[in-house]
Structures are given as C-alpha cells and as structure tokens.
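Reading through the structure tokens given below for one structure.
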Amino acid sequence: MVVLNMVEAINLALKQEMKRDKTVLILGEDVGVDGGVFRVTDGLLKLYPKRVFDTPLAESGIVGTSLGLAASGWKPVAEMQFEGFILPAFDQIVNHVARIRNRSRGAFTAPLVIRCPIGGGIKALEHHSDSPEAYFAHTPGLKVIMPSTPYDAKGLLIAAIRDPDPVIFFEPKRIYRAIKQEVPEKEYTIPIGKARIVQEGTELTIISYGAMVRECEQAIEKIKDHVSVELIDLRTLRPLDKEAILTSVKKTGRVIIVHEAQKTLGLAAEISAIINEEALLSLKAPIERITGLDIIVPLPKLEDYYVIDEKRIIAAIEKVVNF
C-alpha cells in the first residue's frame, strides 16, 4: 500500500496501464512537457516519449483524433484541461464517439477515455468551475464516471481504459489533493456501474457522488448520534446502480440526493424518478434535492454562496427526518 492523493492515484493508474498495454496513448494540451495543468500526467512523457502527445488548443481535434486512433486499435486517454473546455468537442463526443459502435453495427468500437477535471471549489475563472455531467449521462453509448476517493480513482480509471467502449472520466478538482488514502501499489479494477456504500444506516439514505461525498461525510459525522444515515457514493453516473439505490431506499424510507450541478434536469431528477417509479410506497417523506443553483457558477468572490457545504446538508437531514 502507498498513501496517495487523487492526482497521484490517477498518475499511477496511467503509468501502470501504459506499461501493461503498449496501445495506451495519452494526448491533450500540455500533458507532456508540463505534465498537465494539474500535473496528473507528470513524468509520463519521460517514461513513454513515443506515447504521450502535446496537442494544439483544439478539443474537437483532440477527441476526433482519439476516435480515429481508437477505431484503429489504439487505446487513447485524452485530457480536457477543464470541464468548460470539453464543449468544443461535444459534437465529436455525442455524434461520433458515442455512436461508432451502433453506426458500424459493431464493426468498430471506441475504447477511449476522456479525462476531465470538473466542478468548483477552487475559486477559478469562468468556464473552470462547471458541472456538465448530465449532458454526457444523457447520451446513449457513453459511460460516465466520477470518483470521490484516490482508491476509487485508480481502480475506476484502469477499468475505464480496459473497457471496450468510450468513457467520460470526470475528476473533481476540489478534492484532487484534499484527500489522501491508502492505495494498493499493484493494479486493480473497480466494476463500472457499481455504487459504493460508504456507510450503512437505517433512517435516511443520502445519495451523492464526486466532491460532494466528502461534504456529506462531514455532515453525517456531526449528526451521527441523532440520525442513522446510509451514504451511497454512485461512482458511475451512467450506468446508474439502480439496485443499490432502491435497496437502500426500501430500507430507510427517506432520501436526500446531493450533487454540485444545477438543479434543473440534474442527476438528482433522474434518481428521484427512478425511486418514484420503483419504490414510491417505501417513502416516508418527500425526496429532498440539494444541488447547485440554476445560475452560472459565480466568479471567485461569490463562489462560497454557491457551493454546497455541510450546513445545507444538515438542514436537509433535519427537514426530511422531521417530516
């Protein structure tokens, strides 16, 4: 075991997969000489000089090139510097990457990973603090992952690289270096589409993912003597682990869903619909959603008013439990 933060865990996963599989490539803006804007790919160019490529500032070109490489037998791992910069590649991702297996009736697949920092909490500029995961979770043909710990980040990234279909791998920048954890030095995978039960409880289920899992844990710690909370970390946003969600809801009867993205048409809405369709009679209180506001993420001075903290989560717990 080694103690790593998320940046280090992802770097180790990339290093090990490049050693194991000579078809794994890395490409993106500044991923080579500089090691990426967050230094996630630091040192990989030196180890694999023929398989790490600095690209022009052209996200559509990065993803389009990755698709061609993937269809030709390579396994590209493309980096988007920030989540706001992934949108110029939206056409390539939705109209081509996600559809290549269906369009070719299985003749071609796209075993590629698109890594992308996501979310706020670091007081960055516009286009650097958004949470656009719902766009991609809405798209058939894509798998969408967002880990909340270094251990999960390594295991899920290795699984994503080995997956035969395209994966959008979101990395919450707010917790890139905020959490350190014991991580196995050896390679391991975590099944895509399987949620993690962070802790078991009997009175209330909280469902979350990404950086918000840490906020939920901190809130639960403060009320643990009063309420028994079960916390689910989804880890994969598409496909959702419906079984884990419904099993927990049927046990506790109360639900809070927490995500950083804006409320309207966010993942919480879909999860609420699943619960209403398949576990309505188990509910003892209305489902509560704690989300970002339906506004553009504010610039640094106002960011603290936008991001979710433990106070909002504790208030929601009290509201649902006392319904």
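Naming works like this for the structure tokens: A, B, ... for the chains as they're shown, residue 1 at the start of each chain, ligands 1 onward in shown order.
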- Task: Within stretch 33-164 of chain A, find each residue whose DSSP state, derived from the backbone, is helix (DSSP H, G or I), and express the selection as JSON, numbers by chain.
- Result: {"A": [44, 45, 46, 47, 59, 60, 61, 62, 63, 64, 65, 66, 67, 68, 69, 70, 71, 83, 84, 85, 87, 88, 89, 90, 91, 92, 93, 94, 95, 96, 97, 100, 101, 102, 103, 133, 134, 135, 136, 137, 150, 151, 152, 153, 154, 155, 156, 157, 158, 159, 160, 161, 162]}
At a cut-off of 10 Å, can you tabulate as JSON lines every residue of stretch 170-229 of chain A near stretch 243-263 of chain A together with its closest atom pair and the distance in Å to one decimal, using only C-alpha atoms and ordering rows by chain then number?
```
{"residue": "A:Lys194", "atom": "CA", "partner": "A:Ala244", "partner_atom": "CA", "distance": 8.0}
{"residue": "A:Ala195", "atom": "CA", "partner": "A:Ala244", "partner_atom": "CA", "distance": 6.6}
{"residue": "A:Arg196", "atom": "CA", "partner": "A:Ala244", "partner_atom": "CA", "distance": 8.4}
{"residue": "A:Ile197", "atom": "CA", "partner": "A:Ala244", "partner_atom": "CA", "distance": 8.2}
{"residue": "A:Glu200", "atom": "CA", "partner": "A:Ser248", "partner_atom": "CA", "distance": 8.8}
{"residue": "A:Gly201", "atom": "CA", "partner": "A:Thr252", "partner_atom": "CA", "distance": 7.6}
{"residue": "A:Thr202", "atom": "CA", "partner": "A:Thr252", "partner_atom": "CA", "distance": 5.0}
{"residue": "A:Glu203", "atom": "CA", "partner": "A:Thr252", "partner_atom": "CA", "distance": 4.7}
{"residue": "A:Leu204", "atom": "CA", "partner": "A:Arg254", "partner_atom": "CA", "distance": 4.8}
{"residue": "A:Thr205", "atom": "CA", "partner": "A:Val255", "partner_atom": "CA", "distance": 4.8}
{"residue": "A:Ile206", "atom": "CA", "partner": "A:Ile256", "partner_atom": "CA", "distance": 4.8}
{"residue": "A:Ile207", "atom": "CA", "partner": "A:Ile257", "partner_atom": "CA", "distance": 4.8}
{"residue": "A:Ser208", "atom": "CA", "partner": "A:Val258", "partner_atom": "CA", "distance": 5.0}
{"residue": "A:Tyr209", "atom": "CA", "partner": "A:His259", "partner_atom": "CA", "distance": 6.8}
{"residue": "A:Gly210", "atom": "CA", "partner": "A:His259", "partner_atom": "CA", "distance": 8.0}
{"residue": "A:Ala211", "atom": "CA", "partner": "A:Glu260", "partner_atom": "CA", "distance": 8.1}
{"residue": "A:Met212", "atom": "CA", "partner": "A:His259", "partner_atom": "CA", "distance": 6.2}
{"residue": "A:Val213", "atom": "CA", "partner": "A:Val258", "partner_atom": "CA", "distance": 8.2}
{"residue": "A:Glu215", "atom": "CA", "partner": "A:Val258", "partner_atom": "CA", "distance": 9.4}
{"residue": "A:Cys216", "atom": "CA", "partner": "A:Val258", "partner_atom": "CA", "distance": 8.1}
{"residue": "A:Ser228", "atom": "CA", "partner": "A:Thr252", "partner_atom": "CA", "distance": 9.2}
{"residue": "A:Val229", "atom": "CA", "partner": "A:Thr252", "partner_atom": "CA", "distance": 8.5}
```
Produce a file of the selected residues containing C-alpha atoms, as an mmCIF file, in the first residue's frame.
```cif
data_model
loop_
_atom_site.group_PDB
_atom_site.id
_atom_site.type_symbol
_atom_site.label_atom_id
_atom_site.label_comp_id
_atom_site.auth_asym_id
_atom_site.auth_seq_id
_atom_site.Cartn_x
_atom_site.Cartn_y
_atom_site.Cartn_z
ATOM 1 C CA LYS A 194 -21.363 -0.377 -9.178
ATOM 2 C CA ALA A 195 -22.032 2.120 -6.377
ATOM 3 C CA ARG A 196 -20.143 2.152 -3.056
ATOM 4 C CA ILE A 197 -21.929 2.026 0.272
ATOM 5 C CA GLU A 200 -24.719 1.822 6.360
ATOM 6 C CA GLY A 201 -27.710 3.328 8.156
ATOM 7 C CA THR A 202 -31.374 2.700 8.862
ATOM 8 C CA GLU A 203 -33.241 6.040 8.991
ATOM 9 C CA LEU A 204 -32.146 8.026 5.934
ATOM 10 C CA THR A 205 -30.369 7.465 2.608
ATOM 11 C CA ILE A 206 -28.078 10.115 1.141
ATOM 12 C CA ILE A 207 -27.088 9.582 -2.487
ATOM 13 C CA SER A 208 -24.161 11.556 -3.875
ATOM 14 C CA TYR A 209 -21.007 11.410 -5.994
ATOM 15 C CA GLY A 210 -17.753 13.216 -6.681
ATOM 16 C CA ALA A 211 -16.593 16.010 -4.375
ATOM 17 C CA MET A 212 -19.963 16.142 -2.603
ATOM 18 C CA VAL A 213 -19.406 12.746 -0.976
ATOM 19 C CA GLU A 215 -19.219 17.110 2.246
ATOM 20 C CA CYS A 216 -21.873 14.505 3.053
ATOM 21 C CA SER A 228 -28.647 6.772 11.357
ATOM 22 C CA VAL A 229 -27.645 7.701 7.791
#
```
- Message: With distances taken over only C-alpha atoms, which residue among A:Gln81, A:Ser272, A:Ser60, A:Ser72 lies nearest A:Ile118?
- Response: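 That would be A:Gln81, the residue with the smallest distance to A:Ile118.
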- Task: Measure the distance from atom CA of A:Leu231 to atom CA of A:Val113 in Å and round it to one decimal.
- Result: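 These atoms are spaced 27.9 Å apart.
Across the structure, atom CA of A:Glu126 and atom CA of A:Tyr306 are spaced 13.8 Å apart.
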- Exercise: A:Glu17 partners within 9 Å, only C-alpha atoms, chain neighbours under 5 positions left out, as JSON, numbers by chain: {"A": [12, 22, 24, 158, 161, 162, 187]}
- Please provide the set of residues having any atom within 9 Å of stretch 46-48 of chain A, restricted to only C-alpha atoms, with same-chain residues fewer than 6 positions apart removed, written as a list of chain:residue names.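 That gives A:Lys15, A:Met18, A:Lys19, A:Gly32, A:Val33.
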- Message: Taking 4 positions as the minimum chain separation for residues in the same chain, which residues sit within 9 Å of A:Cys116 when counting only C-alpha atoms? Answer as a PyMOL selection string.
- Response: chain A and resi 78-83+86+168-172
Counting only C-alpha atoms, which residues of stretch 85-188 of chain A sit at most 12 Å from some atom of stretch 294-302 of chain A, and what is each one's closest atom pair with its distance in Å to one decimal, listed by chain and rising residue number, as CSV?
```
residue,atom,partner,partner_atom,distance
A:Gly119,CA,A:Val297,CA,9.4
A:Gly120,CA,A:Val297,CA,8.0
A:Gly121,CA,A:Pro300,CA,9.0
A:Ile122,CA,A:Pro300,CA,8.2
A:Lys123,CA,A:Pro300,CA,4.5
A:Ala124,CA,A:Pro300,CA,6.3
A:Leu125,CA,A:Leu299,CA,6.2
A:Glu126,CA,A:Leu299,CA,6.5
A:His127,CA,A:Val297,CA,8.7
A:His128,CA,A:Val297,CA,9.2
A:Ser129,CA,A:Val297,CA,6.7
A:Asp130,CA,A:Val297,CA,6.5
A:Ser131,CA,A:Val297,CA,9.1
A:Pro132,CA,A:Ile296,CA,11.5
```
Output for the residues just chosen: N, CA and C atoms as an mmCIF file, in the first residue's frame:
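again.cif written:
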```cif
data_model
loop_
_atom_site.group_PDB
_atom_site.id
_atom_site.type_symbol
_atom_site.label_atom_id
_atom_site.label_comp_id
_atom_site.auth_asym_id
_atom_site.auth_seq_id
_atom_site.Cartn_x
_atom_site.Cartn_y
_atom_site.Cartn_z
ATOM 1 N N GLY A 119 -16.077 20.698 -11.746
ATOM 2 C CA GLY A 119 -16.612 21.286 -10.534
ATOM 3 C C GLY A 119 -15.856 22.492 -10.008
ATOM 4 N N GLY A 120 -16.462 23.103 -8.981
ATOM 5 C CA GLY A 120 -15.899 24.305 -8.378
ATOM 6 C C GLY A 120 -15.146 24.017 -7.104
ATOM 7 N N GLY A 121 -15.050 25.054 -6.292
ATOM 8 C CA GLY A 121 -14.380 24.897 -5.010
ATOM 9 C C GLY A 121 -12.944 25.336 -4.976
ATOM 10 N N ILE A 122 -12.409 25.787 -6.128
ATOM 11 C CA ILE A 122 -11.010 26.225 -6.134
ATOM 12 C C ILE A 122 -10.891 27.702 -6.531
ATOM 13 N N LYS A 123 -12.044 28.392 -6.600
ATOM 14 C CA LYS A 123 -12.088 29.820 -6.937
ATOM 15 C C LYS A 123 -11.377 30.120 -8.270
ATOM 16 N N ALA A 124 -11.803 29.383 -9.271
ATOM 17 C CA ALA A 124 -11.227 29.552 -10.605
ATOM 18 C C ALA A 124 -12.066 30.518 -11.437
ATOM 19 N N LEU A 125 -11.673 30.711 -12.670
ATOM 20 C CA LEU A 125 -12.337 31.657 -13.561
ATOM 21 C C LEU A 125 -13.556 31.016 -14.221
ATOM 22 N N GLU A 126 -14.275 31.838 -15.013
ATOM 23 C CA GLU A 126 -15.421 31.307 -15.743
ATOM 24 C C GLU A 126 -14.978 30.182 -16.677
ATOM 25 N N HIS A 127 -15.849 29.202 -16.885
ATOM 26 C CA HIS A 127 -15.567 28.003 -17.684
ATOM 27 C C HIS A 127 -14.612 27.044 -16.987
ATOM 28 N N HIS A 128 -14.299 27.299 -15.714
ATOM 29 C CA HIS A 128 -13.366 26.445 -14.981
ATOM 30 C C HIS A 128 -13.999 25.811 -13.747
ATOM 31 N N SER A 129 -15.311 25.984 -13.541
ATOM 32 C CA SER A 129 -15.924 25.519 -12.296
ATOM 33 C C SER A 129 -17.293 24.883 -12.499
ATOM 34 N N ASP A 130 -17.599 24.464 -13.725
ATOM 35 C CA ASP A 130 -18.931 23.945 -14.029
ATOM 36 C C ASP A 130 -19.037 22.445 -13.738
ATOM 37 N N SER A 131 -20.267 21.947 -13.812
ATOM 38 C CA SER A 131 -20.526 20.515 -13.590
ATOM 39 C C SER A 131 -21.459 20.017 -14.695
ATOM 40 N N PRO A 132 -20.931 19.733 -15.874
ATOM 41 C CA PRO A 132 -21.776 19.377 -17.025
ATOM 42 C C PRO A 132 -22.020 17.879 -17.196
#
```
- Query: Which residues in stretch 28-188 of chain A does DSSP call strand (DSSP E)? List them as an MDAnalysis selection string.
  - Reply: chainID A and resid 28 52:54 75:79 113:118 143:145 167:172 181:183
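Note that atom CA of A:Gln92 and atom CA of A:Thr139 are 12.3 Å apart.
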- Name the residues in contact with A:Leu25 at a cut-off of 12 Å, using only C-alpha atoms, excluding same-chain residues fewer than 3 positions from it; report them as a ChimeraX atom specification. /A:14-15,17-22,28,31-32,41,44-45,48-54,65-66,69-70,73-79,111-114,161
Grab the residues selected above and save them as a PDB file, in the first residue's frame with C-alpha atoms.
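Result went into part-v4.pdb, see below:
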```
ATOM      1  CA  LEU A  14      -1.898   5.738 -16.187  1.00  0.00           C
ATOM      2  CA  LYS A  15       1.703   4.704 -15.612  1.00  0.00           C
ATOM      3  CA  GLU A  17      -1.629   0.764 -17.813  1.00  0.00           C
ATOM      4  CA  MET A  18       0.919   2.237 -20.229  1.00  0.00           C
ATOM      5  CA  LYS A  19       3.457  -0.300 -19.006  1.00  0.00           C
ATOM      6  CA  ARG A  20       0.996  -3.195 -19.269  1.00  0.00           C
ATOM      7  CA  ASP A  21      -0.534  -2.260 -22.627  1.00  0.00           C
ATOM      8  CA  LYS A  22       1.588  -0.706 -25.373  1.00  0.00           C
ATOM      9  CA  GLY A  28      -4.033  16.607 -24.681  1.00  0.00           C
ATOM     10  CA  VAL A  31       0.061  16.748 -20.922  1.00  0.00           C
ATOM     11  CA  GLY A  32       3.641  16.032 -21.965  1.00  0.00           C
ATOM     12  CA  THR A  41       0.387  13.223 -16.260  1.00  0.00           C
ATOM     13  CA  LEU A  44       4.837  10.067 -18.227  1.00  0.00           C
ATOM     14  CA  LEU A  45       6.484  11.722 -21.238  1.00  0.00           C
ATOM     15  CA  TYR A  48       6.945   6.808 -22.696  1.00  0.00           C
ATOM     16  CA  PRO A  49       8.208   9.509 -25.082  1.00  0.00           C
ATOM     17  CA  LYS A  50       6.518   7.953 -28.127  1.00  0.00           C
ATOM     18  CA  ARG A  51       3.076   7.598 -26.498  1.00  0.00           C
ATOM     19  CA  VAL A  52       2.466  10.974 -24.811  1.00  0.00           C
ATOM     20  CA  PHE A  53       1.490  13.845 -27.109  1.00  0.00           C
ATOM     21  CA  ASP A  54       1.063  17.561 -26.509  1.00  0.00           C
ATOM     22  CA  THR A  65      -8.068  12.167 -33.337  1.00  0.00           C
ATOM     23  CA  SER A  66      -8.688   9.929 -30.322  1.00  0.00           C
ATOM     24  CA  LEU A  69      -6.908   6.071 -33.014  1.00  0.00           C
ATOM     25  CA  ALA A  70      -9.401   4.013 -31.005  1.00  0.00           C
ATOM     26  CA  GLY A  73      -6.655  -0.447 -32.436  1.00  0.00           C
ATOM     27  CA  TRP A  74      -5.148   2.066 -30.005  1.00  0.00           C
ATOM     28  CA  LYS A  75      -6.441   2.991 -26.545  1.00  0.00           C
ATOM     29  CA  PRO A  76      -6.165   6.768 -26.250  1.00  0.00           C
ATOM     30  CA  VAL A  77      -6.623   8.614 -22.971  1.00  0.00           C
ATOM     31  CA  ALA A  78      -7.449  12.203 -23.882  1.00  0.00           C
ATOM     32  CA  GLU A  79      -7.314  15.035 -21.358  1.00  0.00           C
ATOM     33  CA  PRO A 111     -12.102   2.090 -26.459  1.00  0.00           C
ATOM     34  CA  LEU A 112     -11.099   5.583 -25.432  1.00  0.00           C
ATOM     35  CA  VAL A 113     -11.189   7.549 -22.182  1.00  0.00           C
ATOM     36  CA  ILE A 114     -11.755  11.288 -21.961  1.00  0.00           C
ATOM     37  CA  ILE A 161      -9.034   2.178 -20.004  1.00  0.00           C
TER      38      ILE A 161
END
```
- Item | Shortest interatomic distance to A:Val40 - which of A:Pro117, A:Pro166, A:Gly68, A:Gly61, counting only C-alpha atoms | A:Pro117
- Message: With only C-alpha atoms as the counted atoms, please give the residues lying no more than 9 Å from A:Ala137, apart from itself and same-chain residues fewer than 6 positions off, as a VMD selection string.
- Response: chain A and resid 143 to 144 237 to 239 267
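Distance check against A:Ile62 using only C-alpha atoms: of A:Tyr188, A:Val2, A:Phe90, A:Leu27, the minimum falls on A:Leu27.
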